[in-house]
>>> print(open('final25.txt').read())   # compact mmCIF, C-alpha atoms and all ligand atoms
# COMPACT_ATOMS: atom_id res chain seq x y z
CA MET A 935 -7.64 -22.85 0.70
CA SER A 936 -4.28 -24.48 1.42
CA ASN A 937 -1.60 -25.29 -1.16
CA SER A 938 -1.44 -28.98 -1.94
CA VAL A 939 1.82 -28.65 -3.90
CA THR A 940 4.81 -26.77 -2.46
CA LEU A 941 6.47 -24.49 -5.02
CA ALA A 942 9.44 -22.19 -4.40
CA ASN A 943 8.30 -18.78 -3.14
CA ALA A 944 9.37 -15.47 -4.61
CA LYS A 945 11.94 -13.45 -2.66
CA LEU A 946 12.04 -9.68 -2.32
CA THR A 947 15.25 -8.21 -3.71
CA GLY A 948 14.51 -4.54 -4.34
CA VAL A 949 12.62 -1.62 -2.79
CA GLY A 950 12.08 1.93 -4.02
CA ALA A 951 9.80 4.89 -3.39
CA TYR A 952 8.78 8.30 -4.65
CA LEU A 953 6.96 11.07 -2.82
CA PRO A 954 5.72 14.30 -4.41
CA GLN A 955 7.77 17.39 -3.62
CA LYS A 956 4.91 19.37 -2.10
CA ILE A 957 4.12 18.79 1.59
CA VAL A 958 0.86 20.10 3.05
CA THR A 959 0.51 20.24 6.85
CA ASN A 960 -2.71 19.91 8.83
CA ASP A 961 -2.45 23.58 9.78
CA GLU A 962 -2.33 24.55 6.10
CA LEU A 963 -5.48 22.49 5.43
CA ALA A 964 -7.17 24.17 8.39
CA THR A 965 -6.82 27.53 6.65
CA ARG A 966 -8.95 26.20 3.76
CA ILE A 967 -11.52 23.89 5.37
CA ASP A 968 -13.27 23.58 8.74
CA THR A 969 -10.80 21.28 10.50
CA SER A 970 -7.87 21.47 12.90
CA ASP A 971 -4.45 19.92 13.37
CA GLU A 972 -5.67 18.64 16.75
CA TRP A 973 -8.69 16.79 15.25
CA ILE A 974 -6.68 15.20 12.44
CA ARG A 975 -3.78 14.16 14.67
CA THR A 976 -5.82 12.69 17.51
CA ARG A 977 -8.28 10.81 15.23
CA THR A 978 -5.76 9.52 12.69
CA GLY A 979 -2.12 10.24 13.63
CA ILE A 980 -1.66 12.25 10.40
CA ARG A 981 0.47 15.43 10.62
CA GLN A 982 1.08 16.12 6.93
CA ARG A 983 0.74 14.61 3.44
CA HIS A 984 2.58 14.89 0.08
CA LEU A 985 0.38 16.11 -2.76
CA ALA A 986 1.24 15.62 -6.43
CA SER A 987 1.71 18.47 -8.90
CA GLU A 988 0.26 18.25 -12.44
CA GLU A 989 3.56 16.72 -13.62
CA GLU A 990 3.65 14.14 -10.83
CA THR A 991 1.24 11.69 -12.46
CA SER A 992 0.86 8.04 -11.54
CA VAL A 993 3.15 7.03 -14.41
CA PHE A 994 5.77 9.61 -13.40
CA MET A 995 5.82 8.53 -9.75
CA ALA A 996 5.62 4.79 -10.53
CA LYS A 997 8.61 5.10 -12.87
CA LYS A 998 10.66 6.92 -10.19
CA ALA A 999 9.85 4.22 -7.61
CA ALA A 1000 10.61 1.46 -10.14
CA LEU A 1001 14.01 2.96 -10.99
CA ALA A 1002 14.86 3.20 -7.29
CA ALA A 1003 13.90 -0.47 -6.76
CA LEU A 1004 15.96 -1.57 -9.78
CA ASP A 1005 18.90 0.41 -8.45
CA TYR A 1006 18.55 -1.20 -4.99
CA ALA A 1007 18.44 -4.69 -6.54
CA GLN A 1008 21.27 -3.82 -8.95
CA LEU A 1009 19.12 -4.88 -11.89
CA LYS A 1010 18.39 -3.35 -15.27
CA PRO A 1011 14.95 -2.95 -16.88
CA GLU A 1012 15.86 -5.73 -19.32
CA ASP A 1013 16.13 -8.15 -16.37
CA ILE A 1014 12.40 -7.75 -15.60
CA ASP A 1015 9.74 -10.11 -17.01
CA GLY A 1016 6.64 -8.32 -15.82
CA ILE A 1017 5.22 -5.21 -14.14
CA ILE A 1018 2.13 -5.29 -11.97
CA VAL A 1019 0.81 -1.94 -10.78
CA ALA A 1020 -1.74 -1.64 -7.99
CA THR A 1021 -3.63 1.63 -8.38
CA SER A 1022 -7.08 3.19 -8.28
CA THR A 1023 -5.80 6.37 -9.93
CA PRO A 1024 -4.28 5.52 -13.33
CA ASP A 1025 -3.57 8.49 -15.59
CA GLN A 1026 -5.79 6.90 -18.24
CA VAL A 1027 -8.27 4.00 -18.31
CA PHE A 1028 -5.78 2.45 -20.73
CA PRO A 1029 -2.95 2.03 -21.58
CA SER A 1030 -2.37 0.85 -18.03
CA VAL A 1031 0.18 2.55 -15.79
CA ALA A 1032 2.18 -0.71 -15.97
CA VAL A 1033 2.68 -0.69 -19.74
CA ARG A 1034 3.42 3.02 -19.77
CA VAL A 1035 6.10 2.44 -17.12
CA GLN A 1036 7.36 -0.48 -19.23
CA ALA A 1037 7.80 1.93 -22.15
CA GLU A 1038 9.34 4.64 -19.95
CA LEU A 1039 11.89 2.10 -18.71
CA GLY A 1040 12.76 1.22 -22.31
CA MET A 1041 11.52 -2.35 -21.90
CA THR A 1042 10.27 -4.21 -24.95
CA GLN A 1043 10.13 -7.63 -23.28
CA GLY A 1044 7.70 -9.01 -20.74
CA PHE A 1045 4.20 -7.91 -19.79
CA GLY A 1046 2.48 -5.28 -17.69
CA PHE A 1047 -0.98 -4.78 -16.24
CA ASP A 1048 -2.76 -2.80 -13.54
CA LEU A 1049 -4.71 -4.32 -10.74
CA SER A 1050 -7.51 -2.63 -8.80
CA ALA A 1051 -8.16 -3.55 -5.17
CA ALA A 1052 -8.16 -0.05 -3.62
CA CYS A 1053 -6.05 0.25 -0.45
CA SER A 1054 -5.43 -3.52 -0.42
CA GLY A 1055 -4.03 -3.35 -3.97
CA PHE A 1056 -0.39 -3.86 -3.04
CA ILE A 1057 -1.15 -7.06 -1.09
CA PHE A 1058 -3.22 -8.34 -4.05
CA ALA A 1059 -0.39 -7.44 -6.47
CA LEU A 1060 2.25 -9.12 -4.29
CA SER A 1061 0.16 -12.26 -4.16
CA THR A 1062 -0.42 -12.20 -7.94
CA ALA A 1063 3.27 -11.70 -8.68
CA ASN A 1064 4.27 -14.43 -6.22
CA ASN A 1065 1.95 -16.88 -7.96
CA PHE A 1066 3.24 -15.96 -11.45
CA ILE A 1067 6.75 -16.63 -10.18
CA LYS A 1068 5.83 -19.84 -8.38
CA ALA A 1069 4.14 -21.06 -11.57
CA ARG A 1070 7.36 -20.26 -13.48
CA GLN A 1071 5.58 -17.83 -15.79
CA ALA A 1072 8.06 -15.11 -14.78
CA GLU A 1073 11.42 -14.90 -13.01
CA ARG A 1074 11.41 -11.28 -11.91
CA ILE A 1075 8.43 -8.98 -11.45
CA LEU A 1076 8.28 -5.31 -10.52
CA VAL A 1077 5.34 -4.75 -8.20
CA ILE A 1078 4.33 -1.11 -7.82
CA GLY A 1079 1.72 0.65 -5.70
CA VAL A 1080 0.97 4.18 -6.87
CA GLU A 1081 -1.78 6.68 -6.12
CA VAL A 1082 -2.73 10.29 -6.77
CA PHE A 1083 -5.72 10.25 -4.45
CA SER A 1084 -5.59 14.06 -4.29
CA ARG A 1085 -7.28 14.01 -7.73
CA LEU A 1086 -10.12 11.83 -6.38
CA LEU A 1087 -10.86 13.85 -3.29
CA ASP A 1088 -13.71 16.24 -2.74
CA TRP A 1089 -11.68 19.06 -1.21
CA SER A 1090 -14.81 20.51 0.42
CA ASP A 1091 -15.53 17.24 2.31
CA ARG A 1092 -13.51 17.45 5.53
CA THR A 1093 -14.43 13.89 6.49
CA THR A 1094 -12.30 12.47 3.65
CA CYS A 1095 -9.93 15.08 2.17
CA VAL A 1096 -7.72 15.36 5.27
CA LEU A 1097 -7.02 11.62 5.28
CA PHE A 1098 -5.18 10.94 2.03
CA GLY A 1099 -1.88 11.66 0.28
CA ASP A 1100 -0.04 10.80 -2.94
CA GLY A 1101 3.04 8.67 -3.64
CA ALA A 1102 4.51 5.49 -5.09
CA GLY A 1103 6.40 2.47 -3.78
CA ALA A 1104 7.90 -0.45 -5.69
CA VAL A 1105 9.43 -3.83 -4.94
CA ILE A 1106 11.10 -6.49 -7.04
CA LEU A 1107 10.16 -10.12 -6.56
CA GLU A 1108 12.49 -12.81 -7.87
CA ALA A 1109 12.24 -16.58 -8.24
CA ASN A 1110 13.94 -19.21 -6.13
CA ALA A 1111 13.71 -18.14 -2.53
CA LYS A 1112 15.34 -20.70 -0.26
CA LYS A 1113 12.99 -22.83 1.85
CA GLY A 1114 11.51 -20.69 4.63
CA GLU A 1115 12.43 -17.43 2.84
CA GLY A 1116 10.55 -14.95 0.67
CA LEU A 1117 6.76 -14.62 0.51
CA LEU A 1118 5.70 -17.40 2.86
CA SER A 1119 2.00 -16.69 2.66
CA THR A 1120 -0.52 -14.27 1.15
CA LYS A 1121 -4.19 -14.15 2.11
CA LEU A 1122 -6.77 -12.27 0.02
CA HIS A 1123 -10.40 -11.49 0.76
CA SER A 1124 -13.22 -9.36 -0.54
CA ASP A 1125 -16.87 -8.82 0.29
CA GLY A 1126 -18.75 -6.81 -2.33
CA ARG A 1127 -21.78 -6.38 -0.07
CA TYR A 1128 -19.95 -3.49 1.61
CA GLY A 1129 -19.13 -1.62 -1.61
CA ASP A 1130 -21.16 1.38 -0.50
CA ILE A 1131 -19.14 2.29 2.62
CA LEU A 1132 -16.01 3.33 0.68
CA TYR A 1133 -16.21 4.03 -3.04
CA VAL A 1134 -15.54 6.44 -5.90
CA ASP A 1135 -18.65 7.60 -7.77
CA GLY A 1136 -17.07 7.26 -11.22
CA ALA A 1137 -13.74 6.32 -12.80
CA ALA A 1138 -10.31 7.66 -13.81
CA GLY A 1139 -7.76 9.52 -11.76
CA ASN A 1140 -6.96 12.52 -13.95
CA SER A 1141 -7.51 16.01 -12.66
CA ASP A 1142 -10.53 16.64 -14.96
CA SER A 1143 -12.48 13.69 -13.59
CA LYS A 1144 -15.67 14.47 -11.69
CA ALA A 1145 -15.43 11.17 -9.80
CA LYS A 1146 -14.93 11.68 -6.05
CA LEU A 1147 -14.22 9.44 -3.10
CA LYS A 1148 -16.98 8.85 -0.54
CA MET A 1149 -16.52 7.07 2.78
CA ASN A 1150 -18.46 6.11 5.86
CA GLY A 1151 -15.34 6.26 8.03
CA ARG A 1152 -16.93 4.78 11.14
CA GLU A 1153 -18.15 1.68 9.28
CA VAL A 1154 -14.81 1.19 7.49
CA PHE A 1155 -13.03 1.50 10.84
CA ARG A 1156 -15.28 -1.20 12.34
CA HIS A 1157 -14.58 -3.62 9.47
CA ALA A 1158 -10.84 -2.84 9.53
CA VAL A 1159 -10.48 -3.78 13.18
CA THR A 1160 -12.06 -7.23 12.80
CA HIS A 1161 -10.92 -8.22 9.30
CA LEU A 1162 -7.29 -7.18 9.79
CA ALA A 1163 -7.04 -9.08 13.06
CA ASP A 1164 -8.43 -12.19 11.30
CA ALA A 1165 -6.18 -11.77 8.24
CA VAL A 1166 -2.95 -11.58 10.23
CA GLU A 1167 -4.01 -14.52 12.41
CA GLU A 1168 -4.80 -16.57 9.29
CA ALA A 1169 -1.38 -15.87 7.71
CA LEU A 1170 0.51 -16.72 10.90
CA SER A 1171 -1.39 -19.86 11.85
CA GLU A 1172 -0.96 -21.32 8.34
CA GLN A 1173 2.80 -21.17 8.92
CA GLY A 1174 2.60 -22.38 12.55
CA LEU A 1175 3.78 -18.95 13.73
CA THR A 1176 2.55 -16.41 16.32
CA GLY A 1177 2.97 -12.70 16.92
CA ALA A 1178 6.11 -13.51 18.93
CA ASP A 1179 7.86 -14.66 15.72
CA ILE A 1180 7.31 -11.36 13.90
CA HIS A 1181 10.09 -8.79 13.69
CA TRP A 1182 8.11 -6.11 11.85
CA LEU A 1183 4.52 -5.16 11.16
CA VAL A 1184 4.33 -3.12 7.94
CA PRO A 1185 0.63 -2.22 7.84
CA HIS A 1186 -1.47 -0.22 5.41
CA GLN A 1187 -1.28 3.33 6.73
CA ALA A 1188 -4.86 4.56 7.07
CA ASN A 1189 -5.14 5.41 10.74
CA GLN A 1190 -2.73 5.14 13.69
CA ARG A 1191 -5.55 3.79 15.86
CA ILE A 1192 -6.20 0.88 13.47
CA ILE A 1193 -2.45 0.16 13.26
CA ASP A 1194 -2.19 0.18 17.08
CA GLY A 1195 -5.14 -2.22 17.33
CA VAL A 1196 -3.45 -4.82 15.10
CA ALA A 1197 -0.10 -4.37 16.86
CA ARG A 1198 -1.79 -4.88 20.26
CA LYS A 1199 -3.50 -8.02 19.02
CA LEU A 1200 -0.10 -9.39 17.95
CA GLN A 1201 1.49 -8.19 21.22
CA LEU A 1202 4.12 -6.23 19.32
CA ASP A 1203 6.11 -3.31 20.76
CA ALA A 1204 5.50 0.06 19.15
CA ASN A 1205 9.09 0.03 17.85
CA GLN A 1206 8.32 -3.13 15.80
CA VAL A 1207 5.69 -1.29 13.76
CA VAL A 1208 6.70 0.69 10.67
CA VAL A 1209 4.64 3.88 10.70
CA THR A 1210 4.49 6.50 7.94
CA VAL A 1211 0.87 7.63 8.30
CA ASP A 1212 2.04 10.66 10.31
CA ARG A 1213 4.05 11.99 7.35
CA HIS A 1214 2.41 10.40 4.27
CA ALA A 1215 -1.26 10.12 5.37
CA ASN A 1216 -3.17 7.34 3.58
CA THR A 1217 -1.59 6.72 0.16
CA SER A 1218 -3.83 3.70 -0.51
CA ALA A 1219 -2.06 1.04 -2.62
CA ALA A 1220 1.26 2.90 -2.25
CA SER A 1221 1.31 2.96 1.55
CA ILE A 1222 2.82 -0.48 2.27
CA PRO A 1223 5.64 -0.34 -0.32
CA LEU A 1224 6.44 3.23 0.80
CA ALA A 1225 6.72 2.07 4.42
CA LEU A 1226 8.63 -1.08 3.48
CA SER A 1227 11.08 0.87 1.37
CA GLU A 1228 11.72 3.36 4.17
CA ALA A 1229 12.39 0.69 6.81
CA VAL A 1230 14.64 -1.40 4.53
CA LYS A 1231 16.64 1.62 3.40
CA ASP A 1232 17.14 3.06 6.90
CA GLY A 1233 18.41 -0.35 8.08
CA ARG A 1234 15.59 -1.24 10.49
CA ILE A 1235 14.51 -4.27 8.43
CA LYS A 1236 17.39 -6.71 8.07
CA LYS A 1237 18.01 -9.88 6.09
CA GLY A 1238 16.17 -12.80 7.70
CA ASP A 1239 13.55 -10.64 9.48
CA LEU A 1240 9.95 -11.83 9.42
CA ILE A 1241 7.58 -9.12 8.15
CA LEU A 1242 3.81 -9.11 8.35
CA MET A 1243 1.88 -6.81 6.00
CA GLU A 1244 -1.87 -6.18 6.06
CA ALA A 1245 -4.41 -3.89 4.41
CA LEU A 1246 -8.12 -3.20 4.07
CA GLY A 1247 -9.75 -0.97 1.50
CA GLY A 1248 -12.72 -0.22 -0.72
CA GLY A 1249 -14.61 -3.19 -2.08
CA LEU A 1250 -14.37 -4.20 0.66
CA THR A 1251 -11.04 -5.88 0.01
CA TRP A 1252 -8.52 -7.01 2.60
CA GLY A 1253 -5.57 -9.32 3.01
CA SER A 1254 -2.19 -10.05 4.52
CA ALA A 1255 1.26 -11.16 3.42
CA LEU A 1256 4.03 -12.79 5.40
CA LEU A 1257 7.54 -12.25 4.14
CA ARG A 1258 10.92 -13.53 5.33
CA PHE A 1259 13.26 -10.81 4.02
O1 LIG A 1301 -7.61 3.04 3.60
C1 LIG A 1301 -8.93 2.67 3.42
C2 LIG A 1301 -9.52 2.34 4.67
N1 LIG A 1301 -9.92 3.52 5.38
C3 LIG A 1301 -9.84 3.54 6.67
O2 LIG A 1301 -9.36 2.61 7.25
C4 LIG A 1301 -10.44 4.70 7.42
C5 LIG A 1301 -11.21 4.17 8.60
N2 LIG A 1301 -11.88 5.20 9.38
C6 LIG A 1301 -11.22 6.10 10.12
O3 LIG A 1301 -10.02 6.14 10.11
C7 LIG A 1301 -12.01 7.01 11.02
O4 LIG A 1301 -13.36 6.57 11.08
C8 LIG A 1301 -11.99 8.49 10.56
C9 LIG A 1301 -10.60 9.08 10.81
C10 LIG A 1301 -12.34 8.61 9.10
C11 LIG A 1301 -12.97 9.32 11.39
O5 LIG A 1301 -12.70 9.18 12.77
P1 LIG A 1301 -13.92 8.89 13.78
O6 LIG A 1301 -13.35 8.85 15.12
O7 LIG A 1301 -14.61 7.64 13.28
O8 LIG A 1301 -14.78 10.19 13.59
P2 LIG A 1301 -16.31 10.30 13.15
O9 LIG A 1301 -16.48 9.99 11.72
O10 LIG A 1301 -17.12 9.56 14.14
O11 LIG A 1301 -16.55 11.88 13.34
C12 LIG A 1301 -16.55 12.50 14.61
C13 LIG A 1301 -16.86 13.97 14.46
C14 LIG A 1301 -18.09 14.27 13.62
O12 LIG A 1301 -18.79 15.33 14.24
P3 LIG A 1301 -20.13 15.04 15.07
O13 LIG A 1301 -21.06 14.39 14.09
O14 LIG A 1301 -19.72 14.10 16.17
O15 LIG A 1301 -20.52 16.39 15.53
C15 LIG A 1301 -17.53 14.77 12.30
O16 LIG A 1301 -18.38 15.66 11.65
O17 LIG A 1301 -15.77 14.67 13.82
C16 LIG A 1301 -16.27 15.48 12.76
N3 LIG A 1301 -15.26 15.54 11.70
C17 LIG A 1301 -14.27 16.47 11.67
N4 LIG A 1301 -13.96 17.49 12.49
C18 LIG A 1301 -12.88 18.23 12.19
C19 LIG A 1301 -15.12 14.70 10.65
N5 LIG A 1301 -14.03 15.07 9.91
C20 LIG A 1301 -13.50 16.16 10.53
C21 LIG A 1301 -12.38 16.97 10.26
N6 LIG A 1301 -12.11 17.98 11.12
N7 LIG A 1301 -11.57 16.76 9.21
>>> encode(input="final25.txt", output="structure tokens", more="lines below")
Ligand code: UT7
Amino acid sequence: MSNSVTLANAKLTGVGAYLPQKIVTNDELATRIDTSDEWIRTRTGIRQRHLASEEETSVFMAKKAALAALDYAQLKPEDIDGIIVATSTPDQVFPSVAVRVQAELGMTQGFGFDLSAACSGFIFALSTANNFIKARQAERILVIGVEVFSRLLDWSDRTTCVLFGDGAGAVILEANAKKGEGLLSTKLHSDGRYGDILYVDGAAGNSDSKAKLKMNGREVFRHAVTHLADAVEEALSEQGLTGADIHWLVPHQANQRIIDGVARKLQLDANQVVVTVDRHANTSAASIPLALSEAVKDGRIKKGDLILMEALGGGLTWGSALLRF
């Protein structure tokens, strides 16, 4: 669907991240389960992952990332009108991570809610926040992606447990981007018919939960390759742009081979792709804001750069977002 009315986009003014202290390498995993550093690296690009301690809950990590984003934007919690958290691993069914972060930040104004779209959650949350801002229902929104997937993993299933990590990333979206700046386009999709190729057989992300992640990796891979190529094409063509206009691809970090496939399709150089999967593994809804935060803070992404983000996850859900920084 195309927009019939043009409203001012939201601009991105803050980034922040938090990673758990504990790093676990592939070799360490190989001492516990039947796998090897060689298998994990060649199939996925992953070398290590950060895994949360008991204290490093979703609320704890989301708050840390939020504070870092506020600091980057030179804003205070009282400047924020809303918090949207993308997560599949809230500490509780409710209160949401968002309202608990609101309380932790000392905010009594505004609203907060969580949004569930698995690994595509951050793209869905960005799009939601952008539309709240465009509709003038909020001026500034904290958008957070946070996951403790380590609590959802079956640590005896080598086909899934080696793939994921924990962490949080946050951005701040603000009203009144200039024409041609900010979130130029977001595209969201889902297809519930494929719910059984990547799912959790229960709910809640606390460590007592019996719910565990199940995945048919080969099938998910197949869908990722086609849907992500279509989603990036859709976002670009709506704006009359091509791969040649993009400065940076900031993809969901599930597998280096999927990332390379999208980059090839867009004819991007490897040095235009922000990659964290080697160090973070797949942090689901947190992976894009973690990567974005890293590349903004280390100076790779500069003011005026055109950034393409994309993700696919359980649902199936998938989407893309085009941002002029
Ligand atoms: O973020 C949400 C979206 N998720 C994704 O995008 C993930 C998409 N899928 C993938 O990234 C890949 O399909 C995987 C990395 C999950 C798997 O890679 P693959 O090349 O598709 O491997 P496969 O599933 O075809 O497995 C190949 C072999 C199997 O052995 P056999 O049946 O050929 O004898 C597996 O049993 O590798 C075996 N295997 C392992 N071996 C060592 C599976 N996991 C492991 C492991 N260590 N951890």
>>> closest_residue(input="final25.txt", among="A:Phe1047, A:Phe994, A:Tyr1006, A:Phe1098", to="A:Gly948", atoms="only C-alpha atoms")
A:Tyr1006
>>> residues_near_ligand(input="final25.txt", ligand="ligand LIG 1301 (chain A)", cutoff="6 Å", atoms="all atoms listed in the file", output="VMD selection string")
chain A and resid 969 to 970 973 977 to 978 1053 1092 to 1093 1096 1151 to 1152 1154 to 1155 1188 to 1189 1218 1246 to 1247
>>> closest_residue(input="final25.txt", among="A:Ala1255, A:Leu1183, A:Leu1086, A:Ala1104", to="A:His1123", atoms="only C-alpha atoms")
A:Ala1255
>>> atom_distance(input="final25.txt", atom1="atom CA of A:Gly1103", atom2="atom CA of A:Leu1256")
18.0 Å
>>> atom_distance(input="final25.txt", atom1="atom CA of A:Ala1000", atom2="atom CA of A:Val1134")
27.0 Å
>>> residues_around(input="final25.txt", residues="A:Glu1038", least_positions_apart="4", cutoff="10 Å", atoms="all atoms listed in the file", output="list of chain:residue names")
A:Val993, A:Phe994, A:Lys997, A:Pro1011, A:Ala1032, A:Val1033, A:Arg1034
>>> residues_around(input="final25.txt", residues="A:Val1080", least_positions_apart="6", cutoff="6 Å", atoms="all atoms listed in the file", output="ChimeraX atom specification")
/A:996,1021,1101-1102,1220
>>> closest_residue(input="final25.txt", among="A:Ile1106, A:Leu1240, A:Ala1225, A:Val1211", to="A:Gln1173", atoms="all atoms listed in the file")
A:Leu1240
>>> closest_residue(input="final25.txt", among="A:Ala1059, A:Ile1241, A:Val1196, A:Leu1250", to="A:Met1149", atoms="all atoms listed in the file")
A:Leu1250
>>> residues_near_point(input="final25.txt", point="(9.9, -15.0, 10.5)", cutoff="10 Å", atoms="all atoms listed in the file", output="VMD selection string")
chain A and resid 1114 to 1116 1118 1170 1173 1175 to 1182 1238 to 1242 1256 to 1259
>>> residues_around(input="final25.txt", residues="stretch 1061-1075 of chain A", least_positions_apart="6", cutoff="9 Å", atoms="all atoms listed in the file", output="list of chain:residue names")
A:Leu941, A:Ala942, A:Asn943, A:Ala944, A:Lys945, A:Asp1013, A:Ile1014, A:Asp1015, A:Gly1016, A:Ile1017, A:Ile1018, A:Gly1044, A:Val1105, A:Ile1106, A:Leu1107, A:Glu1108, A:Ala1109, A:Asn1110, A:Leu1117, A:Ser1119, A:Thr1120, A:Lys1121, A:Leu1122, A:Ala1255
>>> residues_around(input="final25.txt", residues="stretch 1146-1148 of chain A", least_positions_apart="5", cutoff="10 Å", atoms="only C-alpha atoms", output="ChimeraX atom specification")
/A:1083-1089,1091,1093-1095,1130-1139
>>> build_atoms(input="final25.txt", residues="stretch 1127-1138 of chain A", atoms="N, CA and C atoms", output="PDB file, in the frame of the given file")
ATOM      1  N   ARG A1127     -20.561  -6.905  -0.700  1.00  0.00           N
ATOM      2  CA  ARG A1127     -21.780  -6.380  -0.070  1.00  0.00           C
ATOM      3  C   ARG A1127     -21.531  -5.031   0.592  1.00  0.00           C
ATOM      4  N   TYR A1128     -20.254  -4.743   0.905  1.00  0.00           N
ATOM      5  CA  TYR A1128     -19.950  -3.490   1.610  1.00  0.00           C
ATOM      6  C   TYR A1128     -19.350  -2.441   0.668  1.00  0.00           C
ATOM      7  N   GLY A1129     -19.648  -2.565  -0.613  1.00  0.00           N
ATOM      8  CA  GLY A1129     -19.130  -1.620  -1.610  1.00  0.00           C
ATOM      9  C   GLY A1129     -19.540  -0.184  -1.357  1.00  0.00           C
ATOM     10  N   ASP A1130     -20.649   0.011  -0.653  1.00  0.00           N
ATOM     11  CA  ASP A1130     -21.160   1.380  -0.500  1.00  0.00           C
ATOM     12  C   ASP A1130     -20.621   2.112   0.727  1.00  0.00           C
ATOM     13  N   ILE A1131     -19.670   1.529   1.477  1.00  0.00           N
ATOM     14  CA  ILE A1131     -19.140   2.290   2.620  1.00  0.00           C
ATOM     15  C   ILE A1131     -17.816   2.983   2.286  1.00  0.00           C
ATOM     16  N   LEU A1132     -17.243   2.652   1.141  1.00  0.00           N
ATOM     17  CA  LEU A1132     -16.010   3.330   0.680  1.00  0.00           C
ATOM     18  C   LEU A1132     -15.931   3.121  -0.817  1.00  0.00           C
ATOM     19  N   TYR A1133     -16.143   4.194  -1.586  1.00  0.00           N
ATOM     20  CA  TYR A1133     -16.210   4.030  -3.040  1.00  0.00           C
ATOM     21  C   TYR A1133     -15.898   5.350  -3.741  1.00  0.00           C
ATOM     22  N   VAL A1134     -15.692   5.257  -5.059  1.00  0.00           N
ATOM     23  CA  VAL A1134     -15.540   6.440  -5.900  1.00  0.00           C
ATOM     24  C   VAL A1134     -16.722   6.444  -6.860  1.00  0.00           C
ATOM     25  N   ASP A1135     -17.425   7.574  -6.960  1.00  0.00           N
ATOM     26  CA  ASP A1135     -18.650   7.600  -7.770  1.00  0.00           C
ATOM     27  C   ASP A1135     -18.348   7.892  -9.240  1.00  0.00           C
ATOM     28  N   GLY A1136     -17.448   7.097  -9.815  1.00  0.00           N
ATOM     29  CA  GLY A1136     -17.070   7.260 -11.220  1.00  0.00           C
ATOM     30  C   GLY A1136     -15.712   6.614 -11.415  1.00  0.00           C
ATOM     31  N   ALA A1137     -15.026   6.961 -12.517  1.00  0.00           N
ATOM     32  CA  ALA A1137     -13.740   6.320 -12.800  1.00  0.00           C
ATOM     33  C   ALA A1137     -12.711   7.337 -13.280  1.00  0.00           C
ATOM     34  N   ALA A1138     -11.461   6.899 -13.298  1.00  0.00           N
ATOM     35  CA  ALA A1138     -10.310   7.660 -13.810  1.00  0.00           C
ATOM     36  C   ALA A1138      -9.749   8.655 -12.801  1.00  0.00           C
TER      37      ALA A1138
END
